[in-house]
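Participant: The structure file query_5.pdb (PDB, C-alpha atoms) is provided below.
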```pdb
MODEL        1
ATOM      1  CA  MET A 339      44.715 -14.036  -0.043
ATOM      2  CA  ASN A 340      42.405 -12.106  -2.369
ATOM      3  CA  PHE A 341      41.176  -8.916  -0.669
ATOM      4  CA  ARG A 342      38.977  -7.772  -3.550
ATOM      5  CA  ILE A 343      35.835  -9.651  -2.518
ATOM      6  CA  PRO A 344      35.827  -8.525   1.167
ATOM      7  CA  ALA A 345      36.665  -4.964   0.081
ATOM      8  CA  LEU A 346      33.789  -5.004  -2.427
ATOM      9  CA  VAL A 347      31.370  -6.351   0.199
ATOM     10  CA  LEU A 348      32.484  -3.648   2.657
ATOM     11  CA  ALA A 349      32.106  -0.913   0.037
ATOM     12  CA  LEU A 350      28.600  -2.089  -0.917
ATOM     13  CA  THR A 351      27.591  -2.305   2.745
ATOM     14  CA  LEU A 352      28.794   1.251   3.391
ATOM     15  CA  LEU A 353      27.076   2.487   0.241
ATOM     16  CA  ALA A 354      23.801   0.853   1.305
ATOM     17  CA  GLY A 355      24.098   2.487   4.734
ATOM     18  CA  CYS A 356      24.615   5.901   3.157
ATOM     19  CA  ALA A 357      21.674   5.488   0.798
ATOM     20  CA  SER A 358      19.285   5.107   3.732
ATOM     21  CA  TYR A 359      20.625   8.101   5.633
ATOM     22  CA  ASP A 360      18.277  10.737   4.207
ATOM     23  CA  GLY A 361      15.517   8.653   2.634
ATOM     24  CA  ARG A 362      16.725   9.327  -0.888
ATOM     25  CA  GLY A 363      14.415   7.614  -3.346
ATOM     26  CA  LEU A 364      11.295   7.780  -1.175
ATOM     27  CA  LYS A 365       8.366   9.542  -2.862
ATOM     28  CA  PRO A 366       5.512  11.352  -1.033
ATOM     29  CA  GLY A 367       2.146   9.757  -1.743
ATOM     30  CA  ILE A 368       3.783   6.682  -3.274
ATOM     31  CA  SER A 369       6.223   5.245  -0.707
ATOM     32  CA  THR A 370       4.678   3.233   2.115
ATOM     33  CA  ALA A 371       5.512   3.337   5.816
ATOM     34  CA  GLN A 372       7.047  -0.121   5.401
ATOM     35  CA  GLU A 373       9.330   1.170   2.624
ATOM     36  CA  VAL A 374      10.377   4.106   4.808
ATOM     37  CA  GLU A 375      11.357   1.722   7.601
ATOM     38  CA  GLN A 376      13.149  -0.635   5.219
ATOM     39  CA  LEU A 377      15.225   2.220   3.830
ATOM     40  CA  MET A 378      15.740   4.460   6.873
ATOM     41  CA  GLY A 379      15.457   1.961   9.727
ATOM     42  CA  GLU A 380      13.486   2.119  12.956
ATOM     43  CA  PRO A 381      12.560   5.708  13.870
ATOM     44  CA  ALA A 382      13.926   7.048  17.149
ATOM     45  CA  GLN A 383      10.454   8.317  18.041
ATOM     46  CA  ARG A 384       6.923   7.891  16.711
ATOM     47  CA  TRP A 385       3.794   9.887  17.405
ATOM     48  CA  ARG A 386       0.254   8.968  16.384
ATOM     49  CA  ASP A 387      -2.190  11.856  16.078
ATOM     50  CA  PRO A 388      -5.919  11.521  16.836
ATOM     51  CA  ASP A 389      -6.714  11.574  13.101
ATOM     52  CA  GLY A 390      -4.574   8.443  12.555
ATOM     53  CA  THR A 391      -1.607  10.180  10.924
ATOM     54  CA  GLN A 392       1.881   9.548  12.266
ATOM     55  CA  LEU A 393       5.102  11.514  12.679
ATOM     56  CA  TRP A 394       8.431   9.668  12.801
ATOM     57  CA  ALA A 395      11.791  11.143  13.866
ATOM     58  CA  TYR A 396      15.141  10.067  12.423
ATOM     59  CA  PRO A 397      18.034  11.881  14.164
ATOM     60  CA  ARG A 398      21.340  11.351  12.370
ATOM     61  CA  GLY A 399      23.729  12.848  14.931
ATOM     62  CA  PRO A 400      26.034  13.183  16.697
ATOM     63  CA  ALA A 401      28.336  12.803  13.676
ATOM     64  CA  GLY A 402      25.596  13.894  11.274
ATOM     65  CA  TYR A 403      24.001  17.297  10.987
ATOM     66  CA  GLN A 404      20.358  16.494  10.384
ATOM     67  CA  THR A 405      17.187  15.048  11.830
ATOM     68  CA  TYR A 406      14.548  13.905   9.370
ATOM     69  CA  MET A 407      10.851  13.986  10.190
ATOM     70  CA  VAL A 408       8.595  11.698   8.184
ATOM     71  CA  ARG A 409       4.824  12.071   8.053
ATOM     72  CA  ILE A 410       2.669   9.020   7.368
ATOM     73  CA  ASP A 411      -1.018   9.304   6.438
ATOM     74  CA  ARG A 412      -3.856   7.120   7.745
ATOM     75  CA  GLN A 413      -3.528   4.787   4.772
ATOM     76  CA  GLY A 414       0.151   4.132   5.550
ATOM     77  CA  PHE A 415       1.744   6.282   2.834
ATOM     78  CA  MET A 416       4.531   8.771   3.405
ATOM     79  CA  THR A 417       3.266  12.315   2.809
ATOM     80  CA  SER A 418       6.489  14.200   3.572
ATOM     81  CA  LEU A 419      10.122  13.799   4.524
ATOM     82  CA  GLN A 420      11.856  16.915   5.819
ATOM     83  CA  GLY A 421      15.203  17.817   7.332
ATOM     84  CA  VAL A 422      14.314  19.926  10.357
ATOM     85  CA  LEU A 423      17.580  21.153  11.887
ATOM     86  CA  ASP A 424      17.590  24.643  10.425
ATOM     87  CA  MET A 425      16.887  28.203  11.509
ATOM     88  CA  GLN A 426      13.341  28.112  10.117
ATOM     89  CA  ASN A 427      12.380  25.262  12.454
ATOM     90  CA  PHE A 428      14.450  26.561  15.364
ATOM     91  CA  ALA A 429      12.457  29.813  15.159
ATOM     92  CA  LYS A 430       9.255  27.832  15.861
ATOM     93  CA  ILE A 431      10.514  26.963  19.344
ATOM     94  CA  GLN A 432       9.209  29.583  21.736
ATOM     95  CA  ALA A 433       9.305  30.213  25.481
ATOM     96  CA  GLY A 434       6.571  28.300  27.269
ATOM     97  CA  MET A 435       6.555  25.299  24.915
ATOM     98  CA  THR A 436       6.662  21.801  26.400
ATOM     99  CA  GLN A 437       9.392  19.248  25.792
ATOM    100  CA  GLU A 438       6.932  17.205  23.739
ATOM    101  CA  GLU A 439       6.209  20.186  21.477
ATOM    102  CA  VAL A 440       9.942  20.691  20.895
ATOM    103  CA  LEU A 441      10.419  17.001  20.097
ATOM    104  CA  ARG A 442       7.676  17.141  17.460
ATOM    105  CA  ILE A 443       9.373  20.091  15.726
ATOM    106  CA  ILE A 444      13.049  19.054  15.661
ATOM    107  CA  GLY A 445      13.147  15.506  17.047
ATOM    108  CA  PRO A 446      15.156  14.166  19.959
ATOM    109  CA  PRO A 447      18.397  15.829  21.104
ATOM    110  CA  GLN A 448      21.743  14.103  21.334
ATOM    111  CA  PRO A 449      21.454  12.090  24.589
ATOM    112  CA  GLU A 450      25.135  12.575  25.414
ATOM    113  CA  TRP A 451      24.702  16.342  25.041
ATOM    114  CA  THR A 452      21.734  16.657  27.404
ATOM    115  CA  VAL A 453      22.826  18.416  30.590
ATOM    116  CA  TYR A 454      21.107  19.374  33.833
ATOM    117  CA  PHE A 455      22.367  22.412  35.769
ATOM    118  CA  ASP A 456      21.349  21.974  39.398
ATOM    119  CA  ARG A 457      21.894  25.561  40.606
ATOM    120  CA  ARG A 458      19.676  26.958  37.856
ATOM    121  CA  ASP A 459      17.262  23.984  37.816
ATOM    122  CA  GLU A 460      17.814  24.068  34.060
ATOM    123  CA  LEU A 461      17.781  21.224  31.571
ATOM    124  CA  VAL A 462      19.608  21.835  28.274
ATOM    125  CA  TRP A 463      19.019  19.772  25.142
ATOM    126  CA  GLU A 464      21.474  20.112  22.249
ATOM    127  CA  TRP A 465      21.457  19.326  18.531
ATOM    128  CA  ARG A 466      24.267  19.536  15.977
ATOM    129  CA  PHE A 467      23.429  21.202  12.667
ATOM    130  CA  CYS A 468      25.037  22.798   9.645
ATOM    131  CA  ASP A 469      24.447  26.552   9.672
ATOM    132  CA  ALA A 470      23.821  28.851   6.701
ATOM    133  CA  TRP A 471      27.602  29.384   6.335
ATOM    134  CA  ASN A 472      28.235  25.598   6.106
ATOM    135  CA  GLU A 473      29.834  25.527   9.532
ATOM    136  CA  ALA A 474      29.141  22.833  12.094
ATOM    137  CA  SER A 475      27.054  24.433  14.850
ATOM    138  CA  ARG A 476      25.041  23.597  17.943
ATOM    139  CA  PHE A 477      21.459  24.537  18.792
ATOM    140  CA  ASP A 478      20.355  24.440  22.438
ATOM    141  CA  VAL A 479      16.926  24.516  24.020
ATOM    142  CA  LEU A 480      16.978  25.532  27.675
ATOM    143  CA  PHE A 481      14.117  24.299  29.853
ATOM    144  CA  ASP A 482      13.031  25.216  33.337
ATOM    145  CA  ASN A 483      13.395  21.719  34.757
ATOM    146  CA  THR A 484      10.579  22.073  37.297
ATOM    147  CA  SER A 485       7.924  23.092  34.768
ATOM    148  CA  GLY A 486       9.457  21.306  31.775
ATOM    149  CA  LYS A 487       8.851  24.440  29.665
ATOM    150  CA  VAL A 488      11.222  26.208  27.313
ATOM    151  CA  HIS A 489      12.649  29.428  28.711
ATOM    152  CA  SER A 490      15.147  30.190  25.919
ATOM    153  CA  THR A 491      17.177  28.903  22.993
ATOM    154  CA  GLN A 492      20.629  29.629  21.648
ATOM    155  CA  SER A 493      22.886  28.604  18.797
ATOM    156  CA  ARG A 494      26.604  28.908  18.239
ATOM    157  CA  PRO A 495      29.190  27.640  15.772
ATOM    158  CA  GLU A 496      31.394  24.797  16.986
ATOM    159  CA  SER A 497      34.395  27.031  16.252
ATOM    160  CA  SER A 498      33.427  28.996  19.378
ATOM    161  CA  PHE A 499      34.707  26.067  21.460
ATOM    162  CA  ARG A 500      37.149  24.428  19.022
ATOM    163  CA  ARG A 501      40.363  25.732  17.541
ATOM    164  CA  PHE A 502      39.124  25.618  13.965
ATOM    165  CA  PRO A 503      35.785  25.606  12.127
ATOM    166  CA  ILE A 504      34.406  22.376  10.718
ATOM    167  CA  ILE A 505      32.893  22.855   7.279
ATOM    168  CA  CYS A 506      29.924  20.533   6.953
ATOM    169  CA  GLY A 507      28.146  21.482   3.714
ATOM    170  CA  HIS A 508      24.467  21.068   2.980
TER     171      HIS A 508
ENDMDL
END
```
Can the structure from this file be put into structure tokens for me?
Facilitator:
Amino acid sequence: MNFRIPALVLALTLLAGCASYDGRGLKPGISTAQEVEQLMGEPAQRWRDPDGTQLWAYPRGPAGYQTYMVRIDRQGFMTSLQGVLDMQNFAKIQAGMTQEEVLRIIGPPQPEWTVYFDRRDELVWEWRFCDAWNEASRFDVLFDNTSGKVHSTQSRPESSFRRFPIICGH
């Protein structure tokens, strides 16, 4: 049996999947919302602002280290595509913010890493990211569960709970 054809099909399929991961090839002001969806897939979340613009979230975890936020203007063109899991965006998350405000800054957390602590009435959302030293890390937002408001954040390298660091690169 000739394995070259199935292997080639598999390789092309994997390559196509990788090409859509970060929106490579999309151009602000030129690419349409339809092109964004064709390349990157269905967003995990969408928001429509009163002025008609939209914000789409593309989380790429838990194996990946990034969430991409795409802005679409009223005419249906992409105006920006940005990776948001970094210290600059984490610093925007402040005590007193709502869950919705956090979602609009860094997108949805990893569902399997969302934990509720009954004794503290605390809900913790977690994201995986690649820190400035190229080490796999976790960023947590801690909410008062009753109010739904942020009370603190924290980050730590995965090596703090694994035997060895995972180098992720940027």
Participant: To test your reading of the syntax: which residues would the PyMOL selection byres ((chain A and resi 481) around 12) return for the file shown? Reply as a PyMOL selection string.
Facilitator: chain A and resi 431-438+440+452-455+458-464+478-480+482-492
Participant: What residues come out when you apply the PyMOL selection byres ((chain A and resi 493-502) around 6) to this file, written as a JSON list (two decimals) with C-alpha atoms, in the coordinates of the input?
Facilitator:
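That gives us part_30.json:
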```json
[["chain", "number", "residue", "atom", "x", "y", "z"],
["A", 474, "ALA", "CA", 29.14, 22.83, 12.09],
["A", 475, "SER", "CA", 27.05, 24.43, 14.85],
["A", 476, "ARG", "CA", 25.04, 23.60, 17.94],
["A", 477, "PHE", "CA", 21.46, 24.54, 18.79],
["A", 492, "GLN", "CA", 20.63, 29.63, 21.65],
["A", 503, "PRO", "CA", 35.78, 25.61, 12.13]]
```
Participant: For Thr405 (chain A), find every residue with an atom within 7 Å (counting all atoms listed in the file), except residues of its own chain fewer than 5 positions away, and show them as a VMD selection string.
Facilitator: chain A and resid 395 to 398 421 to 423 444 to 445
Participant: CA of Gln448 (chain A) and CA of Asn427 (chain A) are how many Å apart?
Facilitator: 17.1 Å
Participant: Could you work out how far CA of Cys506 (chain A) lies from CA of Tyr403 (chain A), giving the answer in Å with one decimal?
Facilitator: 7.9 Å
Participant: Run the PyMOL selection byres ((chain A and resi 408-417) around 7) against the file shown and list the residues it catches, as a PyMOL selection string.
Facilitator: chain A and resi 366-371+390-395+406-407+418-420
Participant: Name the residues within 7 Å of (29.2, 25.3, 7.7), counting only C-alpha atoms in the file's coordinates, and put them as a list of chain:residue names.
Facilitator: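 Within 7 Å of (29.2, 25.3, 7.7), the protein and nucleic acid residues are A:Cys468, A:Asp469, A:Ala470, A:Trp471, A:Asn472, A:Glu473, A:Ala474, A:Ile504, A:Ile505, A:Cys506, A:Gly507.
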Participant: To one decimal in Å, tell me the separation between CA of Met378 (chain A) and CA of Tyr359 (chain A).
Facilitator: 6.2 Å
Participant: Looking at A:Lys365, A:Arg442, A:Arg466, A:Arg386, which one is nearest to Gly402 (chain A), with distances taken over all atoms listed in the file?
Facilitator: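 Nearest candidate to Gly402 (chain A) out of A:Lys365, A:Arg442, A:Arg466, A:Arg386: A:Arg466.
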Participant: Could you tell me which of A:Asp360, A:Arg384, A:Gly399, A:Phe467 comes closest to Phe428 (chain A) if we count only C-alpha atoms?
Facilitator: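 Looking only at the distances to Phe428 (chain A), the closest residue turns out to be A:Phe467.
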Participant: Which one of A:Pro400, A:Pro447, A:Gly361, A:Met425 sits closest to Gln383 (chain A) if you count all atoms listed in the file?
Facilitator: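 Among the listed residues, A:Pro447 lies closest to Gln383 (chain A).
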Participant: So for region 484-500 of chain A, what box centre and size do we get, axis-aligned, 4 Å extra on each of the six sides, every listed atom, Å to one decimal, as JSON?
Facilitator:
```
{"center_x": 22.5, "center_y": 25.7, "center_z": 26.5, "size_x": 37.2, "size_y": 16.9, "size_z": 29.5}
```
Participant: Because some atoms of region 470-484 of chain A are absent here, can you restore N, CA and C atoms and send them as a JSON list (two decimals), in the frame of the given file?
Facilitator:
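Once written, out_12.json looks like this:
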```
[["chain", "number", "residue", "atom", "x", "y", "z"],
["A", 470, "ALA", "N", 23.94, 28.26, 8.04],
["A", 470, "ALA", "CA", 23.82, 28.85, 6.70],
["A", 470, "ALA", "C", 25.18, 29.13, 6.06],
["A", 471, "TRP", "N", 26.26, 29.14, 6.85],
["A", 471, "TRP", "CA", 27.60, 29.38, 6.34],
["A", 471, "TRP", "C", 28.38, 28.07, 6.18],
["A", 472, "ASN", "N", 27.64, 26.94, 6.23],
["A", 472, "ASN", "CA", 28.24, 25.60, 6.11],
["A", 472, "ASN", "C", 29.21, 25.25, 7.23],
["A", 473, "GLU", "N", 28.98, 25.83, 8.39],
["A", 473, "GLU", "CA", 29.83, 25.53, 9.53],
["A", 473, "GLU", "C", 29.06, 24.67, 10.53],
["A", 474, "ALA", "N", 29.74, 23.66, 11.05],
["A", 474, "ALA", "CA", 29.14, 22.83, 12.09],
["A", 474, "ALA", "C", 28.79, 23.72, 13.28],
["A", 475, "SER", "N", 27.55, 23.58, 13.77],
["A", 475, "SER", "CA", 27.05, 24.43, 14.85],
["A", 475, "SER", "C", 26.22, 23.62, 15.82],
["A", 476, "ARG", "N", 25.89, 24.23, 16.93],
["A", 476, "ARG", "CA", 25.04, 23.60, 17.94],
["A", 476, "ARG", "C", 23.84, 24.49, 18.22],
["A", 477, "PHE", "N", 22.68, 23.84, 18.41],
["A", 477, "PHE", "CA", 21.46, 24.54, 18.79],
["A", 477, "PHE", "C", 21.03, 23.97, 20.14],
["A", 478, "ASP", "N", 20.76, 24.85, 21.09],
["A", 478, "ASP", "CA", 20.36, 24.44, 22.44],
["A", 478, "ASP", "C", 18.96, 24.95, 22.76],
["A", 479, "VAL", "N", 18.20, 24.10, 23.44],
["A", 479, "VAL", "CA", 16.93, 24.52, 24.02],
["A", 479, "VAL", "C", 17.09, 24.39, 25.53],
["A", 480, "LEU", "N", 16.83, 25.49, 26.23],
["A", 480, "LEU", "CA", 16.98, 25.53, 27.68],
["A", 480, "LEU", "C", 15.59, 25.49, 28.32],
["A", 481, "PHE", "N", 15.40, 24.51, 29.19],
["A", 481, "PHE", "CA", 14.12, 24.30, 29.85],
["A", 481, "PHE", "C", 14.23, 24.61, 31.34],
["A", 482, "ASP", "N", 13.18, 25.18, 31.89],
["A", 482, "ASP", "CA", 13.03, 25.22, 33.34],
["A", 482, "ASP", "C", 12.71, 23.78, 33.71],
["A", 483, "ASN", "N", 13.57, 23.14, 34.49],
["A", 483, "ASN", "CA", 13.40, 21.72, 34.76],
["A", 483, "ASN", "C", 12.15, 21.42, 35.58],
["A", 484, "THR", "N", 11.75, 22.32, 36.46],
["A", 484, "THR", "CA", 10.58, 22.07, 37.30],
["A", 484, "THR", "C", 9.30, 22.05, 36.46]]
```
